[in-house]
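Enquirer: The following file, query.cif, comprises mmCIF, C-alpha atoms and all ligand atoms:
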```cif
data_protein
#
loop_
_atom_site.group_PDB
_atom_site.id
_atom_site.type_symbol
_atom_site.label_atom_id
_atom_site.label_comp_id
_atom_site.auth_asym_id
_atom_site.auth_seq_id
_atom_site.Cartn_x
_atom_site.Cartn_y
_atom_site.Cartn_z
ATOM 1 C CA MET A 1 -3.150 62.206 143.218
ATOM 2 C CA ILE A 2 -1.589 63.847 140.216
ATOM 3 C CA LEU A 3 -4.397 64.823 137.891
ATOM 4 C CA ALA A 4 -3.938 65.982 134.308
ATOM 5 C CA ILE A 5 -6.856 67.971 132.939
ATOM 6 C CA ALA A 6 -6.667 67.238 129.253
ATOM 7 C CA ASN A 7 -8.520 67.581 125.977
ATOM 8 C CA GLN A 8 -6.734 68.760 122.865
ATOM 9 C CA LYS A 9 -9.726 70.868 121.927
ATOM 10 C CA GLY A 10 -9.536 74.488 122.970
ATOM 11 C CA GLY A 11 -12.325 76.228 124.848
ATOM 12 C CA VAL A 12 -13.800 73.154 126.507
ATOM 13 C CA GLY A 13 -13.237 74.314 130.081
ATOM 14 C CA LYS A 14 -9.834 72.828 130.964
ATOM 15 C CA THR A 15 -8.497 75.989 132.541
ATOM 16 C CA THR A 16 -11.785 76.886 134.227
ATOM 17 C CA THR A 17 -11.869 73.392 135.719
ATOM 18 C CA ALA A 18 -8.200 73.484 136.769
ATOM 19 C CA ILE A 19 -8.611 76.821 138.557
ATOM 20 C CA ASN A 20 -11.826 76.062 140.358
ATOM 21 C CA LEU A 21 -11.165 72.442 141.196
ATOM 22 C CA ALA A 22 -7.796 73.444 142.656
ATOM 23 C CA ALA A 23 -9.505 76.146 144.724
ATOM 24 C CA ALA A 24 -12.213 73.722 145.886
ATOM 25 C CA LEU A 25 -9.660 71.146 147.040
ATOM 26 C CA ALA A 26 -7.585 73.807 148.803
ATOM 27 C CA ALA A 27 -10.716 75.074 150.569
ATOM 28 C CA LYS A 28 -11.218 71.571 151.918
ATOM 29 C CA GLY A 29 -7.852 71.840 153.608
ATOM 30 C CA LEU A 30 -6.046 69.714 151.026
ATOM 31 C CA LYS A 31 -2.642 71.029 150.054
ATOM 32 C CA THR A 32 -2.952 71.578 146.331
ATOM 33 C CA LEU A 33 -0.475 72.495 143.613
ATOM 34 C CA LEU A 34 -1.695 73.692 140.229
ATOM 35 C CA VAL A 35 0.893 73.210 137.497
ATOM 36 C CA ASP A 36 0.165 75.401 134.489
ATOM 37 C CA LEU A 37 1.461 73.786 131.309
ATOM 38 C CA ASP A 38 -0.378 76.053 128.882
ATOM 39 C CA PRO A 39 1.811 78.731 127.236
ATOM 40 C CA GLN A 40 -1.251 81.007 127.380
ATOM 41 C CA ALA A 41 -0.789 80.994 131.160
ATOM 42 C CA ASN A 42 -4.439 81.716 131.949
ATOM 43 C CA SER A 43 -4.473 79.668 135.149
ATOM 44 C CA SER A 44 -1.299 81.398 136.293
ATOM 45 C CA MET A 45 -2.696 84.875 135.626
ATOM 46 C CA THR A 46 -5.800 84.124 137.634
ATOM 47 C CA PHE A 47 -3.801 83.489 140.766
ATOM 48 C CA ILE A 48 -0.555 85.468 140.600
ATOM 49 C CA GLU A 49 1.182 88.359 138.896
ATOM 50 C CA ILE A 50 3.171 86.665 136.134
ATOM 51 C CA HIS A 51 5.073 89.598 134.678
ATOM 52 C CA ASP A 52 7.787 89.749 137.299
ATOM 53 C CA LEU A 53 8.529 86.033 137.328
ATOM 54 C CA GLU A 54 12.133 85.106 136.729
ATOM 55 C CA ARG A 55 11.505 81.444 136.240
ATOM 56 C CA THR A 56 8.526 79.423 135.181
ATOM 57 C CA VAL A 57 7.599 75.913 134.200
ATOM 58 C CA TYR A 58 9.425 76.577 130.945
ATOM 59 C CA ASP A 59 12.758 76.608 132.798
ATOM 60 C CA VAL A 60 11.769 73.467 134.673
ATOM 61 C CA MET A 61 11.158 71.621 131.424
ATOM 62 C CA ALA A 62 14.014 73.133 129.469
ATOM 63 C CA GLU A 63 16.701 72.590 132.128
ATOM 64 C CA PRO A 64 16.463 69.285 133.981
ATOM 65 C CA ASP A 65 18.559 70.815 136.778
ATOM 66 C CA THR A 66 15.799 73.265 137.661
ATOM 67 C CA GLY A 67 13.504 71.590 140.188
ATOM 68 C CA ILE A 68 9.874 72.607 140.109
ATOM 69 C CA LYS A 69 10.276 73.721 143.725
ATOM 70 C CA GLU A 70 12.143 76.752 142.432
ATOM 71 C CA VAL A 71 9.111 78.088 140.577
ATOM 72 C CA VAL A 72 6.251 77.176 142.915
ATOM 73 C CA ARG A 73 4.492 80.175 144.484
ATOM 74 C CA PRO A 74 1.830 80.334 147.151
ATOM 75 C CA VAL A 75 -1.430 81.927 146.036
ATOM 76 C CA ASP A 76 -1.936 85.025 148.177
ATOM 77 C CA GLY A 77 -5.046 84.932 150.272
ATOM 78 C CA THR A 78 -5.826 81.285 149.533
ATOM 79 C CA GLU A 79 -4.528 78.845 152.066
ATOM 80 C CA ASN A 80 -3.257 75.473 150.816
ATOM 81 C CA LEU A 81 -3.100 76.592 147.204
ATOM 82 C CA PHE A 82 0.161 76.798 145.255
ATOM 83 C CA ILE A 83 0.923 77.395 141.622
ATOM 84 C CA ALA A 84 3.756 76.487 139.279
ATOM 85 C CA PRO A 85 3.268 79.230 136.690
ATOM 86 C CA SER A 86 3.629 79.025 132.955
ATOM 87 C CA SER A 87 4.874 81.613 130.505
ATOM 88 C CA ILE A 88 4.618 82.208 126.795
ATOM 89 C CA ALA A 89 8.166 80.823 126.481
ATOM 90 C CA LEU A 90 6.634 77.387 126.944
ATOM 91 C CA ALA A 91 5.410 77.639 123.368
ATOM 92 C CA LYS A 92 9.024 77.025 122.306
ATOM 93 C CA ILE A 93 9.552 73.934 124.399
ATOM 94 C CA GLU A 94 8.444 71.406 121.778
ATOM 95 C CA ALA A 95 11.167 72.547 119.406
ATOM 96 C CA LYS A 96 13.701 72.653 122.214
ATOM 97 C CA LEU A 97 13.003 69.115 123.402
ATOM 98 C CA LEU A 98 12.952 67.581 119.961
ATOM 99 C CA GLY A 99 15.478 64.772 119.866
ATOM 100 C CA GLU A 100 16.105 64.757 123.630
ATOM 101 C CA LEU A 101 15.800 61.192 124.897
ATOM 102 C CA ASP A 102 13.965 62.214 128.045
ATOM 103 C CA SER A 103 11.660 64.725 126.390
ATOM 104 C CA TYR A 104 8.459 63.037 127.611
ATOM 105 C CA TYR A 105 9.758 62.623 131.163
ATOM 106 C CA ARG A 106 10.839 66.164 132.002
ATOM 107 C CA LEU A 107 7.781 67.026 134.097
ATOM 108 C CA LYS A 108 7.655 63.665 135.836
ATOM 109 C CA ASP A 109 11.315 63.934 136.818
ATOM 110 C CA SER A 110 10.918 67.502 138.017
ATOM 111 C CA ILE A 111 8.053 66.747 140.406
ATOM 112 C CA LYS A 112 9.519 63.546 141.812
ATOM 113 C CA ASN A 113 10.923 65.307 144.860
ATOM 114 C CA ILE A 114 7.835 67.315 145.729
ATOM 115 C CA ARG A 115 4.944 65.032 144.908
ATOM 116 C CA ASN A 116 4.627 63.800 148.469
ATOM 117 C CA LYS A 117 4.402 67.336 149.799
ATOM 118 C CA TYR A 118 0.975 67.869 148.232
ATOM 119 C CA ASP A 119 -2.317 66.068 148.608
ATOM 120 C CA TYR A 120 -3.282 66.994 145.062
ATOM 121 C CA ILE A 121 -1.307 68.121 142.045
ATOM 122 C CA LEU A 122 -3.470 69.370 139.164
ATOM 123 C CA ILE A 123 -2.032 69.978 135.722
ATOM 124 C CA ASP A 124 -3.661 72.342 133.228
ATOM 125 C CA THR A 125 -2.671 71.439 129.666
ATOM 126 C CA PRO A 126 -2.625 73.231 126.302
ATOM 127 C CA PRO A 127 -5.034 72.443 123.465
ATOM 128 C CA THR A 128 -2.688 70.041 121.657
ATOM 129 C CA LEU A 129 -1.611 66.426 121.950
ATOM 130 C CA GLY A 130 2.070 67.329 121.640
ATOM 131 C CA ILE A 131 5.054 66.907 123.927
ATOM 132 C CA ILE A 132 3.631 69.165 126.661
ATOM 133 C CA THR A 133 0.382 67.259 127.074
ATOM 134 C CA VAL A 134 2.206 63.931 126.882
ATOM 135 C CA ASN A 135 4.539 65.161 129.654
ATOM 136 C CA ALA A 136 1.430 65.799 131.765
ATOM 137 C CA LEU A 137 0.026 62.328 131.045
ATOM 138 C CA VAL A 138 3.356 60.662 131.816
ATOM 139 C CA ALA A 139 3.649 62.503 135.138
ATOM 140 C CA SER A 140 0.061 61.886 136.274
ATOM 141 C CA THR A 141 -1.753 59.175 138.154
ATOM 142 C CA HIS A 142 -5.122 60.219 136.726
ATOM 143 C CA VAL A 143 -6.643 62.208 133.904
ATOM 144 C CA LEU A 144 -9.851 64.244 133.851
ATOM 145 C CA ILE A 145 -11.386 64.996 130.462
ATOM 146 C CA PRO A 146 -13.608 68.074 130.218
ATOM 147 C CA ILE A 147 -16.109 67.800 127.385
ATOM 148 C CA GLN A 148 -18.050 70.759 126.114
ATOM 149 C CA SER A 149 -21.773 70.130 125.681
ATOM 150 C CA SER A 150 -21.903 71.018 122.022
ATOM 151 C CA TYR A 151 -22.710 69.404 118.732
ATOM 152 C CA PHE A 152 -19.164 68.189 118.102
ATOM 153 C CA ALA A 153 -18.573 67.290 121.744
ATOM 154 C CA LEU A 154 -16.941 63.936 121.136
ATOM 155 C CA GLU A 155 -14.961 64.867 118.073
ATOM 156 C CA GLY A 156 -11.287 64.295 118.826
ATOM 157 C CA THR A 157 -11.968 62.129 121.877
ATOM 158 C CA ASP A 158 -10.725 59.069 119.974
ATOM 159 C CA ASP A 159 -7.330 60.692 119.463
ATOM 160 C CA LEU A 160 -7.108 61.643 123.112
ATOM 161 C CA LEU A 161 -8.053 58.150 124.298
ATOM 162 C CA GLU A 162 -5.561 56.673 121.858
ATOM 163 C CA THR A 163 -2.814 58.917 123.222
ATOM 164 C CA ILE A 164 -3.731 57.909 126.783
ATOM 165 C CA ASP A 165 -3.524 54.240 125.767
ATOM 166 C CA LYS A 166 -0.125 54.782 124.177
ATOM 167 C CA VAL A 167 1.178 56.463 127.316
ATOM 168 C CA LYS A 168 -0.144 53.565 129.394
ATOM 169 C CA LEU A 169 1.529 51.010 127.182
ATOM 170 C CA ARG A 170 5.029 51.970 128.261
ATOM 171 C CA ALA A 171 5.683 55.289 129.903
ATOM 172 C CA ASN A 172 2.961 55.231 132.564
ATOM 173 C CA PRO A 173 1.038 51.949 132.892
ATOM 174 C CA ARG A 174 -0.768 53.103 136.029
ATOM 175 C CA LEU A 175 -2.429 56.108 134.445
ATOM 176 C CA GLN A 176 -6.197 55.993 134.960
ATOM 177 C CA ILE A 177 -9.062 57.986 133.552
ATOM 178 C CA LEU A 178 -10.625 59.573 136.608
ATOM 179 C CA GLY A 179 -13.604 60.784 134.666
ATOM 180 C CA ALA A 180 -15.177 62.826 131.923
ATOM 181 C CA LEU A 181 -16.789 66.112 132.900
ATOM 182 C CA LEU A 182 -19.547 67.801 130.920
ATOM 183 C CA THR A 183 -18.957 71.538 130.784
ATOM 184 C CA LEU A 184 -20.781 74.556 129.394
ATOM 185 C CA TYR A 185 -23.963 72.612 129.931
ATOM 186 C CA ASP A 186 -27.344 74.168 129.264
ATOM 187 C CA LYS A 187 -30.009 71.991 130.776
ATOM 188 C CA ARG A 188 -32.777 73.770 128.894
ATOM 189 C CA THR A 189 -31.606 72.526 125.531
ATOM 190 C CA LEU A 190 -32.314 69.194 123.967
ATOM 191 C CA LEU A 191 -28.813 69.263 122.512
ATOM 192 C CA SER A 192 -27.160 69.314 125.944
ATOM 193 C CA ARG A 193 -29.224 66.358 127.112
ATOM 194 C CA ASP A 194 -28.438 64.544 123.897
ATOM 195 C CA VAL A 195 -24.716 65.176 124.309
ATOM 196 C CA ARG A 196 -24.927 63.866 127.862
ATOM 197 C CA LYS A 197 -26.387 60.611 126.551
ATOM 198 C CA GLN A 198 -23.706 60.309 123.869
ATOM 199 C CA VAL A 199 -20.866 60.983 126.290
ATOM 200 C CA GLY A 200 -22.440 58.533 128.731
ATOM 201 C CA LYS A 201 -22.299 55.862 126.041
ATOM 202 C CA VAL A 202 -18.575 56.401 125.543
ATOM 203 C CA PHE A 203 -17.514 56.881 129.167
ATOM 204 C CA GLY A 204 -20.127 54.873 131.105
ATOM 205 C CA LYS A 205 -19.625 55.195 134.860
ATOM 206 C CA LYS A 206 -16.614 57.418 134.249
ATOM 207 C CA LEU A 207 -18.913 60.291 133.308
ATOM 208 C CA PHE A 208 -19.178 62.472 136.398
ATOM 209 C CA ASP A 209 -22.720 62.932 137.754
ATOM 210 C CA THR A 210 -21.787 66.548 138.324
ATOM 211 C CA VAL A 211 -22.126 68.707 135.231
ATOM 212 C CA ILE A 212 -20.837 72.256 134.933
ATOM 213 C CA SER A 213 -23.515 74.598 133.627
ATOM 214 C CA LYS A 214 -22.913 77.519 131.378
ATOM 215 C CA SER A 215 -22.476 80.485 133.712
ATOM 216 C CA VAL A 216 -21.517 84.097 133.175
ATOM 217 C CA ARG A 217 -19.965 84.153 136.657
ATOM 218 C CA LEU A 218 -17.545 81.375 135.741
ATOM 219 C CA GLU A 219 -16.565 83.276 132.645
ATOM 220 C CA GLU A 220 -15.990 86.508 134.558
ATOM 221 C CA SER A 221 -14.075 85.298 137.589
ATOM 222 C CA PRO A 222 -10.587 84.893 136.000
ATOM 223 C CA ALA A 223 -10.639 88.533 134.871
ATOM 224 C CA HIS A 224 -11.091 89.463 138.526
ATOM 225 C CA ARG A 225 -8.218 87.133 139.402
ATOM 226 C CA GLU A 226 -10.363 85.022 141.596
ATOM 227 C CA SER A 227 -11.690 81.519 141.722
ATOM 228 C CA ILE A 228 -15.451 81.180 141.594
ATOM 229 C CA PHE A 229 -15.493 80.580 145.361
ATOM 230 C CA SER A 230 -14.315 84.054 146.240
ATOM 231 C CA PHE A 231 -15.815 85.814 143.218
ATOM 232 C CA ALA A 232 -19.348 84.410 143.368
ATOM 233 C CA PRO A 233 -19.629 81.888 146.192
ATOM 234 C CA ARG A 234 -23.378 81.491 145.782
ATOM 235 C CA SER A 235 -23.356 80.946 142.039
ATOM 236 C CA SER A 236 -24.171 77.698 140.260
ATOM 237 C CA GLY A 237 -20.521 77.430 139.209
ATOM 238 C CA ALA A 238 -19.316 77.498 142.821
ATOM 239 C CA PHE A 239 -21.866 74.892 143.790
ATOM 240 C CA GLU A 240 -21.027 72.631 140.857
ATOM 241 C CA TYR A 241 -17.243 72.778 141.189
ATOM 242 C CA TYR A 242 -17.610 72.091 144.905
ATOM 243 C CA LYS A 243 -19.782 69.108 144.055
ATOM 244 C CA LEU A 244 -17.178 67.923 141.553
ATOM 245 C CA SER A 245 -14.497 68.037 144.239
ATOM 246 C CA GLU A 246 -16.711 65.891 146.492
ATOM 247 C CA GLU A 247 -17.326 63.431 143.690
ATOM 248 C CA ILE A 248 -13.601 63.186 143.015
ATOM 249 C CA LEU A 249 -12.820 62.601 146.676
ATOM 250 C CA SER A 250 -15.400 59.828 146.732
ATOM 251 C CA ARG A 251 -13.816 58.170 143.689
ATOM 252 C CA VAL A 252 -10.333 57.858 145.149
HETATM 253 N N1 LIG A 301 -19.159 76.730 132.553
HETATM 254 C C1 LIG A 301 -18.833 77.818 131.843
HETATM 255 N N2 LIG A 301 -19.753 78.786 131.616
HETATM 256 C C2 LIG A 301 -19.451 79.871 130.875
HETATM 257 N N3 LIG A 301 -18.263 80.104 130.329
HETATM 258 C C3 LIG A 301 -17.303 79.169 130.519
HETATM 259 C C4 LIG A 301 -17.529 77.992 131.283
HETATM 260 N N4 LIG A 301 -16.398 77.254 131.277
HETATM 261 C C5 LIG A 301 -15.498 77.947 130.559
HETATM 262 N N5 LIG A 301 -16.033 79.101 130.100
HETATM 263 C C6 LIG A 301 -15.403 80.111 129.248
HETATM 264 O O1 LIG A 301 -15.110 79.525 127.999
HETATM 265 C C7 LIG A 301 -13.826 79.916 127.543
HETATM 266 C C8 LIG A 301 -12.925 78.705 127.408
HETATM 267 O O2 LIG A 301 -12.785 78.089 128.677
HETATM 268 P P1 LIG A 301 -11.381 77.568 129.196
HETATM 269 O O3 LIG A 301 -11.576 77.032 130.570
HETATM 270 O O4 LIG A 301 -10.329 78.610 129.027
HETATM 271 O O5 LIG A 301 -11.143 76.366 128.178
HETATM 272 P P2 LIG A 301 -9.781 75.636 127.733
HETATM 273 O O6 LIG A 301 -8.800 75.796 128.850
HETATM 274 O O7 LIG A 301 -10.205 74.219 127.514
HETATM 275 O O8 LIG A 301 -9.340 76.280 126.473
HETATM 276 C C9 LIG A 301 -13.314 80.910 128.551
HETATM 277 O O9 LIG A 301 -13.637 82.200 128.128
HETATM 278 C C10 LIG A 301 -14.082 80.571 129.813
HETATM 279 O O10 LIG A 301 -14.232 81.676 130.661
HETATM 280 MG MG MG A 302 -6.827 76.531 128.851
#
```
Would you write the structure of this file as structure tokens?
Ligand SMILES: Nc1ncnc2c1ncn2[C@@H]1O[C@H](COP(=O)(O)OP(=O)(O)O)[C@@H](O)[C@H]1O
Ligand SMILES: [Mg+2]
Expert:
Amino acid sequence: MILAIANQKGGVGKTTTAINLAAALAAKGLKTLLVDLDPQANSSMTFIEIHDLERTVYDVMAEPDTGIKEVVRPVDGTENLFIAPSSIALAKIEAKLLGELDSYYRLKDSIKNIRNKYDYILIDTPPTLGIITVNALVASTHVLIPIQSSYFALEGTDDLLETIDKVKLRANPRLQILGALLTLYDKRTLLSRDVRKQVGKVFGKKLFDTVISKSVRLEESPAHRESIFSFAPRSSGAFEYYKLSEEILSRV
């Protein structure tokens, strides 16, 4: 499975989900590659030292001759987990690819030769619906949509679903929505429960039963350069992301 984690809103839990879902799958013995497509490189920083990298996903997308294999690194201390790191240079890629005929296919082409080497490839995306996110959708078999349990939770979802439909129309007809995931959930509030109902109306059975609660531990773990499973294995976040991985495995 190649799974894009996408929502053009920032701060909805894309990166947190990418990091911890990747770690959960790897812990199950599934060989997992996390491709970081966000110029902010937060997923990359959580798992490796990014300052001494010569090449990153930017080079892979900028130069079609650079295979993604050349930038993939194992994550020290975590078996089965690999990362294709991002860098701030990726912020320039949209301008660079403008007018290139294959601009939406760069990622897909670059992972063609390695996709069978991994059980799961997860792609963390930036908070835009531009060329980078479309590259992720074109390269993927599935998409997971994190949705923050807040008042404007569903705002912007129409645009995302429209973009997914456009990608399906030509570039990637087999793309499927794997599910929508409620994040930053606070079960004590009426608002959270209300948002759950609303999102359920839009996504139906595609809404994951698992919800990710608001948790200080989840917020802290990237600063310690750890997934939630090594940082706070008994926390609600560890339990919930593990549960999400089980739910995903049962859906495919
Ligand atoms: N379940 C959660 N509980 C508490 N804080 C969270 C949770 N999920 C994400 N965060 C925090 O919210 C902020 C945005 O999350 P992030 O995963 O980076 O979102 P995105 O990648 O969509 O921009 C980060 O500071 C992150 O640590
Ligand atoms: Mg992010």
Enquirer: For ligand LIG 301 (chain A), which residue out of A:Glu247, A:Asp165, A:Asp102, A:Glu219 is the nearest one, using all atoms listed in the file?
Expert: A:Glu219
Enquirer: Can you tell me which residues surround Ile121 (chain A) at a distance of at most 6 Å, considering all atoms listed in the file, apart from same-chain residues fewer than 3 positions away, and format the answer as a ChimeraX atom specification?
Expert: /A:2,32-34
Enquirer: Can you list what the PyMOL selection byres (((chain A and resi 236) around 10) and not hetatm) grabs from this structure, as a PyMOL selection string?
Expert: chain A and resi 212-218+228+232-235+237-242
Enquirer: Return the single residue from A:Lys243, A:Lys168, A:His142, A:Arg193 that is closest to Tyr120 (chain A), with distances computed using all atoms listed in the file.
Expert: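 Result for the nearest residue to Tyr120 (chain A): A:His142.
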Enquirer: Which of these, A:Leu161, A:Leu184, A:Leu81, A:Val35, has the shortest distance to ligand LIG 301 (chain A) once you count only C-alpha atoms and all ligand atoms?
Expert: A:Leu184
